[in-house]
file protein.cif (mmCIF, C-alpha atoms and all ligand atoms)
data_target
#
loop_
_atom_site.label_atom_id
_atom_site.label_comp_id
_atom_site.auth_asym_id
_atom_site.auth_seq_id
_atom_site.Cartn_x
_atom_site.Cartn_y
_atom_site.Cartn_z
CA MET A 17 15.30 27.62 36.05
CA LYS A 18 15.98 23.88 36.39
CA ASN A 19 13.44 21.11 35.79
CA ILE A 20 10.79 23.56 34.69
CA LEU A 21 8.91 22.76 31.51
CA PRO A 22 8.55 25.85 29.31
CA PRO A 23 5.15 26.44 27.65
CA GLY A 24 4.37 24.17 24.71
CA GLN A 25 7.16 21.69 25.58
CA PHE A 26 7.02 18.01 26.61
CA LYS A 27 9.56 16.10 28.63
CA THR A 28 11.67 13.37 27.03
CA GLU A 29 14.16 10.97 28.59
CA LYS A 30 15.91 10.33 25.30
CA TRP A 31 18.21 12.78 23.58
CA PRO A 32 16.83 13.22 20.05
CA VAL A 33 19.18 14.14 17.21
CA LEU A 34 18.39 17.17 15.03
CA HIS A 35 20.47 18.96 12.48
CA GLN A 36 20.78 19.89 8.84
CA GLY A 37 23.33 18.23 6.60
CA ASP A 38 25.99 15.59 7.25
CA VAL A 39 27.47 14.47 10.54
CA TYR A 40 31.00 15.90 10.73
CA GLU A 41 33.77 13.32 10.98
CA PHE A 42 36.47 14.49 13.39
CA ASP A 43 40.02 14.80 12.06
CA GLU A 44 42.45 16.24 14.59
CA GLU A 45 44.93 17.24 11.84
CA THR A 46 42.53 19.65 10.18
CA TRP A 47 40.32 20.63 13.11
CA SER A 48 40.72 24.16 14.44
CA PHE A 49 38.76 26.73 16.40
CA LYS A 50 38.89 30.41 15.53
CA LEU A 51 38.21 33.49 17.67
CA PHE A 52 37.58 36.43 15.36
CA GLY A 53 35.52 39.54 14.62
CA GLU A 54 35.80 42.54 16.95
CA VAL A 55 39.05 41.40 18.59
CA GLN A 56 42.49 42.99 18.65
CA GLN A 57 44.04 39.81 17.33
CA GLU A 58 42.41 36.71 15.92
CA ILE A 59 43.36 33.42 17.50
CA THR A 60 43.22 29.92 16.05
CA LEU A 61 43.34 27.03 18.51
CA THR A 62 44.30 23.46 17.76
CA TYR A 63 42.34 20.61 19.31
CA SER A 64 44.97 20.01 22.01
CA GLU A 65 45.14 23.73 22.84
CA MET A 66 41.37 23.79 23.19
CA MET A 67 41.26 20.71 25.39
CA ALA A 68 44.04 22.11 27.63
CA LEU A 69 41.85 25.08 28.63
CA PRO A 70 40.11 25.07 32.02
CA LYS A 71 36.83 23.15 32.03
CA ALA A 72 33.62 23.32 34.00
CA ILE A 73 30.85 20.85 34.75
CA SER A 74 27.22 21.94 34.71
CA THR A 75 23.77 20.39 34.77
CA ILE A 76 21.84 22.00 31.94
CA ASP A 77 18.27 21.43 30.73
CA MET A 78 17.83 21.37 26.96
CA HIS A 79 14.74 22.82 25.26
CA CYS A 80 14.34 22.16 21.56
CA VAL A 81 12.02 24.34 19.51
CA THR A 82 10.49 21.15 18.05
CA THR A 83 8.93 20.86 21.58
CA TRP A 84 11.01 18.28 23.42
CA SER A 85 12.82 19.16 26.64
CA LYS A 86 15.45 17.01 28.32
CA PHE A 87 16.22 17.70 31.95
CA GLY A 88 19.32 17.18 34.01
CA SER A 89 22.09 16.26 31.58
CA VAL A 90 25.51 16.86 33.08
CA PHE A 91 27.98 18.43 30.68
CA GLU A 92 31.71 18.98 30.84
CA GLY A 93 33.37 21.48 28.61
CA VAL A 94 35.30 24.69 28.12
CA PRO A 95 33.23 27.66 29.29
CA MET A 96 32.65 30.46 26.79
CA ARG A 97 34.21 32.69 29.46
CA GLU A 98 37.60 30.97 29.13
CA LEU A 99 37.66 31.63 25.38
CA VAL A 100 36.70 35.27 25.89
CA HIS A 101 39.70 35.57 28.23
CA LEU A 102 42.03 34.63 25.37
CA VAL A 103 41.20 37.69 23.28
CA THR A 104 41.12 41.43 23.79
CA LEU A 105 37.69 42.56 22.68
CA HIS A 106 37.05 45.89 21.01
CA GLY A 107 34.76 48.14 23.07
CA ASP A 108 31.01 47.54 22.81
CA VAL A 109 31.13 43.87 21.90
CA LYS A 110 27.66 42.66 22.90
CA PHE A 111 26.94 39.62 20.71
CA VAL A 112 28.58 36.48 19.44
CA LYS A 113 27.91 34.13 16.58
CA ILE A 114 28.96 30.54 17.19
CA PHE A 115 29.92 28.71 14.01
CA GLY A 116 29.99 25.03 13.18
CA TYR A 117 30.11 22.51 10.36
CA TYR A 118 27.36 22.21 7.78
CA ASN A 119 27.91 19.68 4.98
CA GLY A 120 31.69 19.93 5.18
CA ASP A 121 31.75 23.73 5.41
CA PRO A 122 33.33 24.61 8.80
CA PHE A 123 31.45 27.92 8.89
CA GLY A 124 28.20 26.75 7.31
CA TYR A 125 26.11 26.71 10.50
CA SER A 126 25.89 29.54 12.98
CA SER A 127 23.73 30.97 15.72
CA ASN A 128 23.75 34.35 17.45
CA LEU A 129 23.62 35.01 21.19
CA PRO A 130 24.11 37.94 23.59
CA LEU A 131 27.58 37.62 25.13
CA GLU A 132 26.63 38.80 28.63
CA SER A 133 24.34 35.79 29.17
CA LEU A 134 27.18 33.37 28.33
CA LEU A 135 29.72 34.19 31.02
CA ASN A 136 28.68 31.62 33.63
CA ASP A 137 29.25 27.87 33.92
CA ASP A 138 26.09 27.06 31.96
CA ALA A 139 27.51 28.14 28.57
CA LEU A 140 29.90 25.37 27.59
CA PHE A 141 31.77 23.99 24.61
CA VAL A 142 31.10 20.42 25.57
CA HIS A 143 33.19 17.31 24.90
CA ARG A 144 31.56 14.82 27.26
CA TRP A 145 28.37 14.32 29.22
CA LYS A 146 26.47 12.14 31.67
CA ASP A 147 22.79 11.27 31.39
CA GLY A 148 22.01 12.59 34.90
CA ILE A 149 24.35 12.76 37.89
CA GLU A 150 24.16 8.99 38.37
CA GLY A 151 25.18 8.36 34.76
CA GLU A 152 28.58 7.50 33.35
CA TRP A 153 30.78 9.93 31.51
CA ARG A 154 30.79 9.45 27.76
CA ASP A 155 32.04 11.44 24.84
CA ILE A 156 29.51 13.52 22.98
CA SER A 157 28.61 11.26 20.06
CA PRO A 158 29.37 12.33 16.47
CA LYS A 159 25.64 12.95 15.87
CA HIS A 160 25.46 15.26 18.88
CA GLY A 161 28.50 17.27 17.83
CA TYR A 162 31.79 15.45 18.54
CA PRO A 163 34.48 16.57 19.18
CA LEU A 164 33.05 19.83 20.55
CA ARG A 165 29.60 21.36 20.59
CA PHE A 166 28.10 24.34 22.30
CA ILE A 167 25.36 23.89 24.90
CA PRO A 168 23.60 27.18 25.67
CA PRO A 169 22.08 28.13 29.02
CA SER A 170 18.56 26.68 29.36
CA SER A 171 17.13 30.17 28.83
CA PHE A 172 17.78 29.63 25.10
CA TYR A 173 16.30 27.08 22.70
CA LEU A 174 18.75 24.40 21.69
CA TRP A 175 19.26 25.53 18.11
CA LYS A 176 21.57 28.11 19.74
CA GLY A 177 23.76 25.09 20.59
CA THR A 178 26.04 24.81 17.58
CA LYS A 179 27.32 21.26 17.01
CA TRP A 180 30.80 20.55 15.57
CA ALA A 181 31.77 24.03 16.71
CA THR A 182 34.57 25.77 14.84
CA GLY A 183 34.67 29.34 16.06
CA ILE A 184 33.24 32.42 17.70
CA GLN A 185 32.71 35.75 15.97
CA PHE A 186 32.56 38.69 18.38
CA MET A 187 30.15 41.42 17.25
CA LYS A 188 28.99 44.89 18.28
CA GLN A 189 25.58 44.43 16.67
CA ASP A 190 23.32 41.41 16.72
CA GLU A 191 23.34 39.42 13.48
CA ALA A 192 21.13 36.50 12.49
CA GLY A 193 22.60 33.02 12.19
CA PHE A 194 21.43 29.99 10.19
CA TRP A 195 17.94 29.47 11.69
CA GLU A 196 17.45 33.10 12.63
CA GLU A 197 17.78 34.06 8.95
CA LEU A 198 15.05 31.54 8.18
CA GLY A 199 12.65 33.20 10.63
CA TYR A 200 13.52 31.82 14.05
CA SER A 201 13.86 34.11 17.05
CA MET A 202 16.96 36.21 17.70
CA THR A 203 16.44 35.97 21.49
CA ALA A 204 14.93 32.45 21.66
CA ASN A 205 13.84 32.31 25.30
CA PRO A 206 11.78 29.11 25.76
CA PHE A 207 10.13 30.39 28.94
CA LYS A 208 8.72 33.30 26.91
CA GLU A 209 8.06 30.94 24.00
CA GLU A 210 10.16 33.04 21.63
CA ARG A 211 10.19 30.58 18.74
CA TYR A 212 9.85 32.79 15.67
CA ARG A 213 10.45 36.40 14.79
N1 LIG A 301 26.40 22.50 13.20
C1 LIG A 301 25.10 22.39 13.49
N2 LIG A 301 24.72 22.58 14.76
C2 LIG A 301 23.40 22.48 15.08
C3 LIG A 301 22.42 22.22 14.11
C4 LIG A 301 22.86 22.03 12.77
O1 LIG A 301 22.06 21.80 11.83
N3 LIG A 301 24.21 22.12 12.50
N4 LIG A 301 21.09 22.13 14.48
C5 LIG A 301 20.69 22.80 15.72
C6 LIG A 301 19.38 22.44 16.15
S1 LIG A 301 18.09 23.05 15.23
C7 LIG A 301 19.15 21.74 17.31
S2 LIG A 301 17.58 21.50 17.88
C8 LIG A 301 20.26 21.16 18.10
C9 LIG A 301 19.99 19.70 18.34
O2 LIG A 301 21.02 19.12 19.07
P1 LIG A 301 21.00 17.55 19.29
O3 LIG A 301 20.92 16.88 17.94
O4 LIG A 301 22.27 17.24 20.00
O5 LIG A 301 19.79 17.24 20.11
O6 LIG A 301 21.50 21.32 17.42
C10 LIG A 301 21.70 22.59 16.86
N5 LIG A 301 23.05 22.67 16.39
MO MO A 302 16.10 22.51 16.31
#
call {"tool": "encode", "arguments": {"input": "protein.cif", "output": "structure tokens"}}
result
Amino acid sequence: MKNILPPGQFKTEKWPVLHQGDVYEFDEETWSFKLFGEVQQEITLTYSEMMALPKAISTIDMHCVTTWSKFGSVFEGVPMRELVHLVTLHGDVKFVKIFGYYNGDPFGYSSNLPLESLLNDDALFVHRWKDGIEGEWRDISPKHGYPLRFIPPSSFYLWKGTKWATGIQFMKQDEAGFWEELGYSMTANPFKEERYR
């Protein structure tokens, strides 16, 4: 569903910045990314190990629950799929929680998503982007989640896009993340206007 405005949204050309807490300052020495939860063995990746994984490029519309939508940004990043390939999942894993920094706590922010909707090229841990196909590649800025932030498929509101991402928890049962605990939707489909729960 590209270039379609979900109900109650307006189109913006800019990319607004929204988050709670401080902007994380990247330090390669201490940065790591953890795959944990319902896996046979946990894995911790360094920044260079993460960046050496296969990448994909996708054009993904962003829909923020505060009612702006931005169409046609081109993102490059490591697909969720490639990270799933690194671990052996226990049976019945259906959900993930994607963690990120909140005020210096690497696991302070999180958001939950169903794993099966994240296995295509439109579910990326993004390191750079272009403002439309004609644009120039640039790094994701610190405010937007540098060095690595998740961009969810456009069938989810953008709060599911954890900035300053630090890990994925694999889960058998759905569990609320940061905004979901505060009353936002577990499923968060903008086309069905699933804002709250
Ligand atoms: N780590 C972290 N990621 C976060 C947030 C946050 O507070 N902390 N806010 C979320 C919300 S509510 C939105 S709308 C998007 C906004 O992304 P943007 O600032 O790049 O537009 O980031 C999401 N990811
Ligand atoms: Mo948001």
call {"tool": "atom_distance", "arguments": {"input": "protein.cif", "atom1": "CA of Ile156 (chain A)", "atom2": "CA of Phe111 (chain A)"}}
result
26.3 Å
call {"tool": "residues_around", "arguments": {"input": "protein.cif", "residues": "Pro163 (chain A)", "least_positions_apart": "3", "cutoff": "10 Å", "atoms": "only C-alpha atoms", "output": "PyMOL selection string"}}
result
chain A and resi 40-44+47+63+141-144+155-158+160+179-181
call {"tool": "atom_distance", "arguments": {"input": "protein.cif", "atom1": "CA of Pro70 (chain A)", "atom2": "CA of Val94 (chain A)"}}
result
6.2 Å
call {"tool": "closest_atom_pairs", "arguments": {"input": "protein.cif", "of": "chain A", "to": "ligand MO 302 (chain A)", "cutoff": "9 Å", "atoms": "all atoms listed in the file", "output": "CSV"}}
result
residue,atom,partner,partner_atom,distance
A:Val33,CA,A:MO302,MO,9.0
A:Leu34,CA,A:MO302,MO,5.9
A:His35,CA,A:MO302,MO,6.8
A:Cys80,CA,A:MO302,MO,5.5
A:Val81,CA,A:MO302,MO,5.5
A:Thr82,CA,A:MO302,MO,6.0
A:Tyr173,CA,A:MO302,MO,7.9
A:Leu174,CA,A:MO302,MO,6.3
A:Trp175,CA,A:MO302,MO,4.7
A:Lys176,CA,A:MO302,MO,8.5
A:Trp195,CA,A:MO302,MO,8.6
call {"tool": "atom_distance", "arguments": {"input": "protein.cif", "atom1": "CA of Ala68 (chain A)", "atom2": "CA of Glu45 (chain A)"}}
result
16.5 Å
call {"tool": "axis_aligned_box", "arguments": {"input": "protein.cif", "around": "ligand LIG 301 (chain A)", "padding_each_side": "3 Å", "output": "lines of an AutoDock Vina configuration file"}}
result
center_x = 22.0
center_y = 20.0
center_z = 16.0
size_x = 14.8
size_y = 12.2
size_z = 14.3
